[in-house]
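**Student:** What follows is work-v9.cif, mmCIF, C-alpha atoms, pLDDT in the B column; chains and numbers go by the auth columns.
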```cif
data_data
#
loop_
_atom_site.group_PDB
_atom_site.id
_atom_site.type_symbol
_atom_site.label_atom_id
_atom_site.label_comp_id
_atom_site.label_asym_id
_atom_site.label_seq_id
_atom_site.Cartn_x
_atom_site.Cartn_y
_atom_site.Cartn_z
_atom_site.B_iso_or_equiv
_atom_site.auth_seq_id
_atom_site.auth_asym_id
ATOM 1 C CA MET A 1 117.929 105.319 88.062 74.00 1 J
ATOM 2 C CA GLN A 2 116.287 104.754 91.439 81.00 2 J
ATOM 3 C CA ALA A 3 113.916 101.834 92.026 81.00 3 J
ATOM 4 C CA PRO A 4 110.705 102.629 93.946 85.00 4 J
ATOM 5 C CA GLU A 5 110.749 101.817 97.679 84.00 5 J
ATOM 6 C CA LEU A 6 107.460 99.841 97.514 90.00 6 J
ATOM 7 C CA ASP A 7 106.670 100.688 101.134 91.00 7 J
ATOM 8 C CA ARG A 8 102.907 100.354 100.621 92.00 8 J
ATOM 9 C CA LEU A 9 103.391 96.868 99.207 94.00 9 J
ATOM 10 C CA ARG A 10 105.665 95.886 102.114 95.00 10 J
ATOM 11 C CA LEU A 11 103.051 97.097 104.609 95.00 11 J
ATOM 12 C CA ALA A 12 100.194 95.334 102.802 95.00 12 J
ATOM 13 C CA LEU A 13 102.105 92.043 102.762 95.00 13 J
ATOM 14 C CA LEU A 14 103.103 92.231 106.425 94.00 14 J
ATOM 15 C CA GLU A 15 99.556 93.142 107.439 93.00 15 J
ATOM 16 C CA GLY A 16 98.274 90.265 105.306 93.00 16 J
ATOM 17 C CA GLY A 17 100.412 87.818 107.305 93.00 17 J
ATOM 18 C CA VAL A 18 103.119 87.026 104.739 94.00 18 J
ATOM 19 C CA ALA A 19 106.292 85.676 106.351 93.00 19 J
ATOM 20 C CA PRO A 20 108.760 88.596 106.733 93.00 20 J
ATOM 21 C CA ARG A 21 111.547 86.779 104.838 92.00 21 J
ATOM 22 C CA PHE A 22 109.305 86.447 101.785 93.00 22 J
ATOM 23 C CA VAL A 23 108.226 90.082 102.094 95.00 23 J
ATOM 24 C CA GLU A 24 111.817 91.289 101.985 94.00 24 J
ATOM 25 C CA ARG A 25 112.699 88.897 99.150 94.00 25 J
ATOM 26 C CA THR A 26 109.686 90.035 97.113 95.00 26 J
ATOM 27 C CA ILE A 27 110.578 93.711 97.560 95.00 27 J
ATOM 28 C CA LEU A 28 114.229 93.104 96.699 94.00 28 J
ATOM 29 C CA GLU A 29 113.414 91.116 93.561 95.00 29 J
ATOM 30 C CA LEU A 30 110.755 93.565 92.377 95.00 30 J
ATOM 31 C CA ARG A 31 113.158 96.488 92.766 95.00 31 J
ATOM 32 C CA GLU A 32 115.856 94.657 90.828 94.00 32 J
ATOM 33 C CA HIS A 33 113.302 93.680 88.191 95.00 33 J
ATOM 34 C CA TYR A 34 112.239 97.327 87.875 95.00 34 J
ATOM 35 C CA LEU A 35 115.854 98.361 87.299 94.00 35 J
ATOM 36 C CA ASP A 36 116.290 95.632 84.649 94.00 36 J
ATOM 37 C CA ILE A 37 113.208 96.745 82.708 94.00 37 J
ATOM 38 C CA ALA A 38 114.198 100.400 82.979 95.00 38 J
ATOM 39 C CA ALA A 39 117.780 99.643 81.844 94.00 39 J
ATOM 40 C CA ALA A 40 116.484 97.726 78.812 94.00 40 J
ATOM 41 C CA ALA A 41 114.161 100.635 77.955 94.00 41 J
ATOM 42 C CA LEU A 42 116.996 103.157 78.276 94.00 42 J
ATOM 43 C CA ASP A 43 119.162 100.974 76.006 94.00 43 J
ATOM 44 C CA SER A 44 116.399 100.999 73.410 93.00 44 J
ATOM 45 C CA GLY A 45 116.519 104.802 73.337 94.00 45 J
ATOM 46 C CA ARG A 46 113.691 105.779 75.706 94.00 46 J
ATOM 47 C CA SER A 47 114.012 108.735 78.038 93.00 47 J
ATOM 48 C CA PRO A 48 114.489 108.073 81.795 93.00 48 J
ATOM 49 C CA ASP A 49 110.883 109.147 82.497 92.00 49 J
ATOM 50 C CA GLU A 50 109.497 106.819 79.825 94.00 50 J
ATOM 51 C CA ALA A 51 111.727 103.991 81.052 93.00 51 J
ATOM 52 C CA GLY A 52 110.432 104.452 84.612 93.00 52 J
ATOM 53 C CA GLU A 53 106.808 104.500 83.457 93.00 53 J
ATOM 54 C CA LEU A 54 107.338 101.411 81.321 92.00 54 J
ATOM 55 C CA ALA A 55 108.928 99.548 84.238 93.00 55 J
ATOM 56 C CA ARG A 56 106.087 100.472 86.584 91.00 56 J
ATOM 57 C CA ALA A 57 103.464 99.388 84.045 91.00 57 J
ATOM 58 C CA ALA A 58 105.239 96.095 83.329 91.00 58 J
ATOM 59 C CA LEU A 59 105.489 95.197 87.008 91.00 59 J
ATOM 60 C CA GLY A 60 101.834 96.004 87.641 89.00 60 J
ATOM 61 C CA SER A 61 100.217 97.871 90.498 89.00 61 J
ATOM 62 C CA GLU A 62 101.310 97.265 94.077 91.00 62 J
ATOM 63 C CA ARG A 63 97.740 96.190 94.824 91.00 63 J
ATOM 64 C CA SER A 64 97.735 93.458 92.152 90.00 64 J
ATOM 65 C CA ILE A 65 101.140 92.200 93.297 92.00 65 J
ATOM 66 C CA ALA A 66 99.956 92.135 96.913 93.00 66 J
ATOM 67 C CA ALA A 67 96.842 90.187 95.881 93.00 67 J
ATOM 68 C CA ALA A 68 98.982 87.628 94.016 91.00 68 J
ATOM 69 C CA VAL A 69 101.315 87.152 96.996 93.00 69 J
ATOM 70 C CA LEU A 70 98.439 86.858 99.475 92.00 70 J
ATOM 71 C CA ALA A 71 96.781 84.247 97.230 91.00 71 J
ATOM 72 C CA GLU A 72 99.802 81.954 97.738 89.00 72 J
ATOM 73 C CA PRO A 73 99.101 80.224 101.080 88.00 73 J
ATOM 74 C CA ALA A 74 102.595 78.730 101.315 88.00 74 J
ATOM 75 C CA LEU A 75 104.010 82.238 101.769 91.00 75 J
ATOM 76 C CA LEU A 76 101.944 83.100 104.819 90.00 76 J
ATOM 77 C CA SER A 77 103.630 82.997 108.210 89.00 77 J
ATOM 78 C CA PHE A 78 103.081 80.008 110.507 88.00 78 J
ATOM 79 C CA ASP A 79 100.952 82.162 112.835 86.00 79 J
ATOM 80 C CA ARG A 80 98.616 83.095 109.992 86.00 80 J
ATOM 81 C CA ARG A 81 98.323 79.622 108.485 85.00 81 J
ATOM 82 C CA TRP A 82 97.879 77.698 111.746 88.00 82 J
ATOM 83 C CA PRO A 83 96.690 80.244 114.340 88.00 83 J
ATOM 84 C CA ARG A 84 95.392 77.644 116.799 92.00 84 J
ATOM 85 C CA SER A 85 98.555 75.506 116.648 92.00 85 J
ATOM 86 C CA ALA A 86 100.703 78.617 117.017 88.00 86 J
ATOM 87 C CA ARG A 87 98.763 79.585 120.176 90.00 87 J
ATOM 88 C CA TRP A 88 99.195 76.112 121.667 92.00 88 J
ATOM 89 C CA LEU A 89 102.886 75.962 120.792 92.00 89 J
ATOM 90 C CA ARG A 90 103.493 79.375 122.340 90.00 90 J
ATOM 91 C CA ALA A 91 101.756 78.321 125.553 91.00 91 J
ATOM 92 C CA ALA A 92 103.672 75.006 125.669 92.00 92 J
ATOM 93 C CA ALA A 93 106.981 76.780 125.049 91.00 93 J
ATOM 94 C CA PHE A 94 106.171 79.265 127.810 90.00 94 J
ATOM 95 C CA TYR A 95 105.527 76.486 130.368 89.00 95 J
ATOM 96 C CA LEU A 96 108.649 74.591 129.268 88.00 96 J
ATOM 97 C CA VAL A 97 110.883 77.615 129.469 89.00 97 J
ATOM 98 C CA LEU A 98 109.496 79.027 132.722 89.00 98 J
ATOM 99 C CA PRO A 99 111.252 76.555 135.129 87.00 99 J
ATOM 100 C CA ALA A 100 114.543 77.067 133.321 87.00 100 J
ATOM 101 C CA VAL A 101 114.496 80.850 133.780 87.00 101 J
ATOM 102 C CA PRO A 102 115.972 80.904 137.344 87.00 102 J
ATOM 103 C CA VAL A 103 118.671 78.405 136.340 87.00 103 J
ATOM 104 C CA VAL A 104 119.627 80.418 133.293 87.00 104 J
ATOM 105 C CA TYR A 105 119.600 83.616 135.336 87.00 105 J
ATOM 106 C CA CYS A 106 121.853 82.077 138.008 87.00 106 J
ATOM 107 C CA THR A 107 124.367 80.794 135.463 88.00 107 J
ATOM 108 C CA GLN A 108 124.478 84.139 133.700 89.00 108 J
ATOM 109 C CA HIS A 109 124.729 86.239 136.863 90.00 109 J
ATOM 110 C CA GLY A 110 126.773 83.842 139.036 89.00 110 J
ATOM 111 C CA GLY A 111 129.210 86.515 140.281 91.00 111 J
ATOM 112 C CA THR A 112 126.439 88.897 141.335 91.00 112 J
ATOM 113 C CA ILE A 113 124.566 86.145 143.178 91.00 113 J
ATOM 114 C CA VAL A 114 127.745 85.041 145.054 92.00 114 J
ATOM 115 C CA ARG A 115 128.491 88.665 146.049 94.00 115 J
ATOM 116 C CA TRP A 116 124.880 89.195 147.116 93.00 116 J
ATOM 117 C CA GLY A 117 124.944 85.927 149.134 93.00 117 J
ATOM 118 C CA ALA A 118 128.261 86.857 150.777 95.00 118 J
ATOM 119 C CA SER A 119 127.080 90.364 151.745 95.00 119 J
ATOM 120 C CA VAL A 120 123.771 89.082 153.150 96.00 120 J
ATOM 121 C CA SER A 121 125.631 86.397 155.163 96.00 121 J
ATOM 122 C CA LEU A 122 128.083 88.995 156.473 96.00 122 J
ATOM 123 C CA GLY A 123 125.240 91.288 157.421 96.00 123 J
ATOM 124 C CA MET A 124 123.476 88.454 159.240 96.00 124 J
ATOM 125 C CA MET A 125 126.659 87.546 161.115 96.00 125 J
ATOM 126 C CA ILE A 126 127.252 91.159 162.213 96.00 126 J
ATOM 127 C CA THR A 127 123.611 91.550 163.298 96.00 127 J
ATOM 128 C CA SER A 128 123.748 88.242 165.231 95.00 128 J
ATOM 129 C CA ALA A 129 126.983 89.272 166.922 95.00 129 J
ATOM 130 C CA LEU A 130 125.495 92.645 167.949 95.00 130 J
ATOM 131 C CA LEU A 131 122.339 91.003 169.284 95.00 131 J
ATOM 132 C CA PHE A 132 124.440 88.473 171.172 93.00 132 J
ATOM 133 C CA LEU A 133 126.544 91.274 172.723 93.00 133 J
ATOM 134 C CA LEU A 134 123.434 93.255 173.660 93.00 134 J
ATOM 135 C CA GLN A 135 121.894 90.185 175.257 92.00 135 J
ATOM 136 C CA SER A 136 125.123 89.541 177.211 90.00 136 J
ATOM 137 C CA PHE A 137 125.184 93.150 178.504 88.00 137 J
ATOM 138 C CA ILE A 138 121.538 93.048 179.524 85.00 138 J
ATOM 139 C CA ALA A 139 122.010 89.717 181.277 75.00 139 J
ATOM 140 C CA MET B 1 98.737 98.465 79.628 46.00 140 G
ATOM 141 C CA VAL B 2 100.597 95.185 79.832 49.00 141 G
ATOM 142 C CA GLN B 3 98.782 92.268 78.246 51.00 142 G
ATOM 143 C CA THR B 4 98.686 89.114 80.364 55.00 143 G
ATOM 144 C CA ASN B 5 96.867 85.830 79.848 53.00 144 G
ATOM 145 C CA PRO B 6 93.284 84.745 80.503 50.00 145 G
ATOM 146 C CA PRO B 7 92.172 82.675 83.524 50.00 146 G
ATOM 147 C CA PHE B 8 92.260 79.310 81.719 56.00 147 G
ATOM 148 C CA MET B 9 96.038 79.628 81.706 64.00 148 G
ATOM 149 C CA SER B 10 96.102 78.769 85.401 70.00 149 G
ATOM 150 C CA GLY B 11 98.994 76.386 86.082 80.00 150 G
ATOM 151 C CA VAL B 12 100.805 77.263 82.856 85.00 151 G
ATOM 152 C CA PRO B 13 103.261 79.737 84.440 87.00 152 G
ATOM 153 C CA GLU B 14 104.359 77.042 86.867 91.00 153 G
ATOM 154 C CA LEU B 15 104.869 74.526 84.062 92.00 154 G
ATOM 155 C CA LEU B 16 106.889 76.982 81.984 92.00 155 G
ATOM 156 C CA ILE B 17 109.019 78.075 84.924 94.00 156 G
ATOM 157 C CA LEU B 18 109.854 74.468 85.797 95.00 157 G
ATOM 158 C CA ARG B 19 110.670 73.736 82.158 94.00 158 G
ATOM 159 C CA LEU B 20 113.019 76.712 81.830 95.00 159 G
ATOM 160 C CA LEU B 21 114.789 76.077 85.109 96.00 160 G
ATOM 161 C CA ALA B 22 115.400 72.451 84.164 92.00 161 G
ATOM 162 C CA HIS B 23 118.059 73.742 81.756 89.00 162 G
ATOM 163 C CA ARG B 24 119.866 76.324 83.884 94.00 163 G
ATOM 164 C CA GLU B 25 119.459 78.582 86.890 96.00 164 G
ATOM 165 C CA MET B 26 117.826 81.952 86.220 96.00 165 G
ATOM 166 C CA TYR B 27 116.557 85.019 88.064 96.00 166 G
ATOM 167 C CA GLY B 28 113.049 86.489 87.778 95.00 167 G
ATOM 168 C CA TYR B 29 113.633 88.979 84.971 94.00 168 G
ATOM 169 C CA GLU B 30 115.468 86.357 82.892 94.00 169 G
ATOM 170 C CA ILE B 31 112.589 83.899 83.377 94.00 170 G
ATOM 171 C CA VAL B 32 109.985 86.429 82.185 93.00 171 G
ATOM 172 C CA LYS B 33 112.066 87.225 79.097 92.00 172 G
ATOM 173 C CA ALA B 34 112.733 83.537 78.384 93.00 173 G
ATOM 174 C CA VAL B 35 109.022 82.687 78.627 90.00 174 G
ATOM 175 C CA ARG B 36 108.275 85.310 75.985 89.00 175 G
ATOM 176 C CA VAL B 37 110.980 83.919 73.710 91.00 176 G
ATOM 177 C CA VAL B 38 110.182 80.192 74.040 90.00 177 G
ATOM 178 C CA THR B 39 106.452 80.761 73.572 88.00 178 G
ATOM 179 C CA ALA B 40 107.008 83.166 70.652 87.00 179 G
ATOM 180 C CA GLU B 41 105.280 85.915 72.709 83.00 180 G
ATOM 181 C CA ALA B 42 102.093 83.831 72.899 83.00 181 G
ATOM 182 C CA ILE B 43 102.369 83.781 76.686 78.00 182 G
ATOM 183 C CA SER B 44 103.373 86.771 78.727 75.00 183 G
ATOM 184 C CA LEU B 45 103.643 86.373 82.481 75.00 184 G
ATOM 185 C CA GLY B 46 102.617 89.283 84.687 77.00 185 G
ATOM 186 C CA GLU B 47 106.083 90.503 85.583 87.00 186 G
ATOM 187 C CA GLY B 48 105.333 91.471 89.175 86.00 187 G
ATOM 188 C CA VAL B 49 103.301 88.373 89.954 87.00 188 G
ATOM 189 C CA ILE B 50 105.943 85.864 88.901 92.00 189 G
ATOM 190 C CA TYR B 51 107.645 86.175 92.295 94.00 190 G
ATOM 191 C CA PRO B 52 104.831 84.681 94.394 93.00 191 G
ATOM 192 C CA VAL B 53 104.834 81.707 91.995 92.00 192 G
ATOM 193 C CA LEU B 54 108.606 81.315 92.361 95.00 193 G
ATOM 194 C CA HIS B 55 108.481 81.686 96.133 95.00 194 G
ATOM 195 C CA GLY B 56 105.592 79.226 96.394 93.00 195 G
ATOM 196 C CA LEU B 57 107.527 76.665 94.363 94.00 196 G
ATOM 197 C CA GLU B 58 110.578 77.264 96.523 95.00 197 G
ATOM 198 C CA LYS B 59 108.559 76.832 99.717 93.00 198 G
ATOM 199 C CA ASN B 60 107.178 73.547 98.368 93.00 199 G
ATOM 200 C CA GLY B 61 110.711 72.323 97.664 95.00 200 G
ATOM 201 C CA ALA B 62 110.445 72.341 93.862 96.00 201 G
ATOM 202 C CA LEU B 63 112.984 75.166 93.493 96.00 202 G
ATOM 203 C CA LYS B 64 116.116 76.228 95.292 96.00 203 G
ATOM 204 C CA ALA B 65 117.041 79.920 95.568 96.00 204 G
ATOM 205 C CA LYS B 66 120.540 81.327 95.849 95.00 205 G
ATOM 206 C CA ARG B 67 121.551 84.986 96.210 94.00 206 G
ATOM 207 C CA LYS B 68 124.437 86.256 94.126 93.00 207 G
ATOM 208 C CA THR B 69 125.928 89.709 93.708 92.00 208 G
ATOM 209 C CA VAL B 70 126.610 90.419 90.046 87.00 209 G
ATOM 210 C CA ASN B 71 128.023 93.834 89.029 86.00 210 G
ATOM 211 C CA GLY B 72 126.809 95.361 92.289 87.00 211 G
ATOM 212 C CA ARG B 73 123.278 94.001 91.803 89.00 212 G
ATOM 213 C CA THR B 74 121.723 91.385 94.064 90.00 213 G
ATOM 214 C CA ARG B 75 120.287 88.546 92.022 93.00 214 G
ATOM 215 C CA VAL B 76 118.218 85.685 93.369 95.00 215 G
ATOM 216 C CA TYR B 77 118.874 82.703 91.125 97.00 216 G
ATOM 217 C CA TYR B 78 116.430 79.810 91.056 97.00 217 G
ATOM 218 C CA SER B 79 117.256 76.236 90.104 97.00 218 G
ATOM 219 C CA LEU B 80 115.219 73.055 89.909 96.00 219 G
ATOM 220 C CA THR B 81 115.439 70.421 92.649 96.00 220 G
ATOM 221 C CA THR B 82 114.820 66.695 92.234 96.00 221 G
ATOM 222 C CA LYS B 83 111.344 67.234 93.659 96.00 222 G
ATOM 223 C CA GLY B 84 110.817 70.012 91.119 96.00 223 G
ATOM 224 C CA GLN B 85 111.888 67.717 88.294 96.00 224 G
ATOM 225 C CA ARG B 86 109.332 65.113 89.419 95.00 225 G
ATOM 226 C CA ARG B 87 106.675 67.825 89.641 94.00 226 G
ATOM 227 C CA PHE B 88 107.549 68.995 86.139 94.00 227 G
ATOM 228 C CA ASP B 89 107.308 65.435 84.753 94.00 228 G
ATOM 229 C CA ARG B 90 103.866 65.021 86.336 93.00 229 G
ATOM 230 C CA LEU B 91 102.552 68.435 85.214 91.00 230 G
ATOM 231 C CA SER B 92 103.864 68.047 81.685 92.00 231 G
ATOM 232 C CA GLY B 93 102.177 64.628 81.418 92.00 232 G
ATOM 233 C CA GLU B 94 98.893 66.140 82.615 90.00 233 G
ATOM 234 C CA TRP B 95 99.261 69.072 80.234 89.00 234 G
ATOM 235 C CA GLY B 96 99.919 66.679 77.329 90.00 235 G
ATOM 236 C CA ARG B 97 96.728 64.763 78.101 90.00 236 G
ATOM 237 C CA VAL B 98 94.621 67.945 78.435 88.00 237 G
ATOM 238 C CA SER B 99 96.096 69.466 75.309 87.00 238 G
ATOM 239 C CA SER B 100 95.551 66.362 73.144 90.00 239 G
ATOM 240 C CA GLY B 101 92.014 66.087 74.538 90.00 240 G
ATOM 241 C CA ILE B 102 91.256 69.673 73.553 88.00 241 G
ATOM 242 C CA GLN B 103 92.886 69.183 70.143 89.00 242 G
ATOM 243 C CA SER B 104 90.757 66.127 69.445 90.00 243 G
ATOM 244 C CA ALA B 105 87.611 67.915 70.697 90.00 244 G
ATOM 245 C CA LEU B 106 88.323 70.863 68.401 87.00 245 G
ATOM 246 C CA GLY B 107 88.950 68.442 65.523 84.00 246 G
ATOM 247 C CA VAL B 108 85.657 66.656 66.179 70.00 247 G
ATOM 248 C CA SER B 109 83.699 69.903 66.357 62.00 248 G
ATOM 249 C CA GLU B 110 85.308 71.092 63.113 61.00 249 G
ATOM 250 C CA HIS B 111 84.266 67.855 61.347 60.00 250 G
ATOM 251 C CA ALA B 112 80.854 67.864 63.016 60.00 251 G
ATOM 252 C CA SER B 113 80.056 71.466 62.076 56.00 252 G
ATOM 253 C CA PRO B 114 77.924 71.883 58.930 52.00 253 G
#
```
Using the file provided, produce a representation of the structure as structure tokens.

**Tutor:**
Amino acid sequence: MQAPELDRLRLALLEGGVAPRFVERTILELREHYLDIAAAALDSGRSPDEAGELARAALGSERSIAAAVLAEPALLSFDRRWPRSARWLRAAAFYLVLPAVPVVYCTQHGGTIVRWGASVSLGMMITSALLFLLQSFIA
Amino acid sequence: MVQTNPPFMSGVPELLILRLLAHREMYGYEIVKAVRVVTAEAISLGEGVIYPVLHGLEKNGALKAKRKTVNGRTRVYYSLTTKGQRRFDRLSGEWGRVSSGIQSALGVSEHASP
């Protein structure tokens, strides 16, 4: 027997600001719960269709489950619970990380920067030598 | 239609869940079944809405969750933490006071009624 995907519930929870890890856990547990109820119904002699209907009815509608999850403030994501703090933290993190970006870039692309520096230096030396020669000829 | 409990039962699911998990770790379906058994079917938790209660308790540090694969099925087992045990002790004390208060009020009204 296949458990329902509960995509509408997943979407409603994510849109409602529930932390993604709790969304996935809720979906996983509800699907397993559905299979448990259906298995018990099949064992008691019900047909697969009846077992599925019974499981769906026992779990309740996706809307009522979504309402129960959204009523639990501890399950909301940090952004949703503390929007102002989240904005400030993001801005602070941005300004802290910004000066480190060139350093990180240089350490990660050291070889490229050395090659670029060497080729630019070589080019400058060749250009200087040519200009010097031209100046000598003109003089 | 599945029969669940009226609004005055608020807080009872939490108390029952903490009580059951004090004995051994369980997953959601087991908890729902156990609640029916220990309350002699007097209390039936909404099966789909037990998970927000469990997750809320976990987020508050009263429960600890652990994933296990059993016979190809993924189970999330919940167990009580020390904080959860303290919470249970407090809630059960409060429930005892409320329940004895209601009992005595009902007794008084029975005696007072003509």

**Student:** Report as a ChimeraX atom specification the residues that result from applying the PyMOL selection byres ((chain G) within 9 of (chain J)) to the structure here.

**Tutor:** /G:140-141,166-168,185-192,194-196,198-199,212-215

**Student:** Could you check the closest approach to Ala19 in chain J for each of J:Cys106, J:Ser47, J:Phe78, J:Ala118 and tell me which residue wins, using all atoms listed in the file?

**Tutor:**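 Of J:Cys106, J:Ser47, J:Phe78, J:Ala118, the one nearest Ala19 in chain J, counting all atoms listed in the file, is J:Phe78.
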
**Student:** Padding of 3 Å on every side, edges along x, y and z, all listed atoms of range 104-114 of chain J included: what centre and edge lengths in Å, to one decimal, does that box have, as JSON?

**Tutor:**
```
{"center_x": 124.4, "center_y": 84.7, "center_z": 139.2, "size_x": 15.6, "size_y": 14.5, "size_z": 17.8}
```

**Student:** Take CA of Leu6 in chain J and CA of Gly211 in chain G and report the distance between them in Å, one decimal.

**Tutor:** 20.5 Å

**Student:** On this structure, which residues satisfy the PyMOL selection byres ((chain G and resi 218) around 12), written as a PyMOL selection string?

**Tutor:** chain G and resi 156-167+170+193-194+196-197+200-206+215-217+219-224

**Student:** For CA of Ser77 in chain J and CA of Arg8 in chain J, quote the distance in Å rounded to one decimal.

**Tutor:**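 Going from CA of Ser77 in chain J over to CA of Arg8 in chain J covers 19.0 Å.
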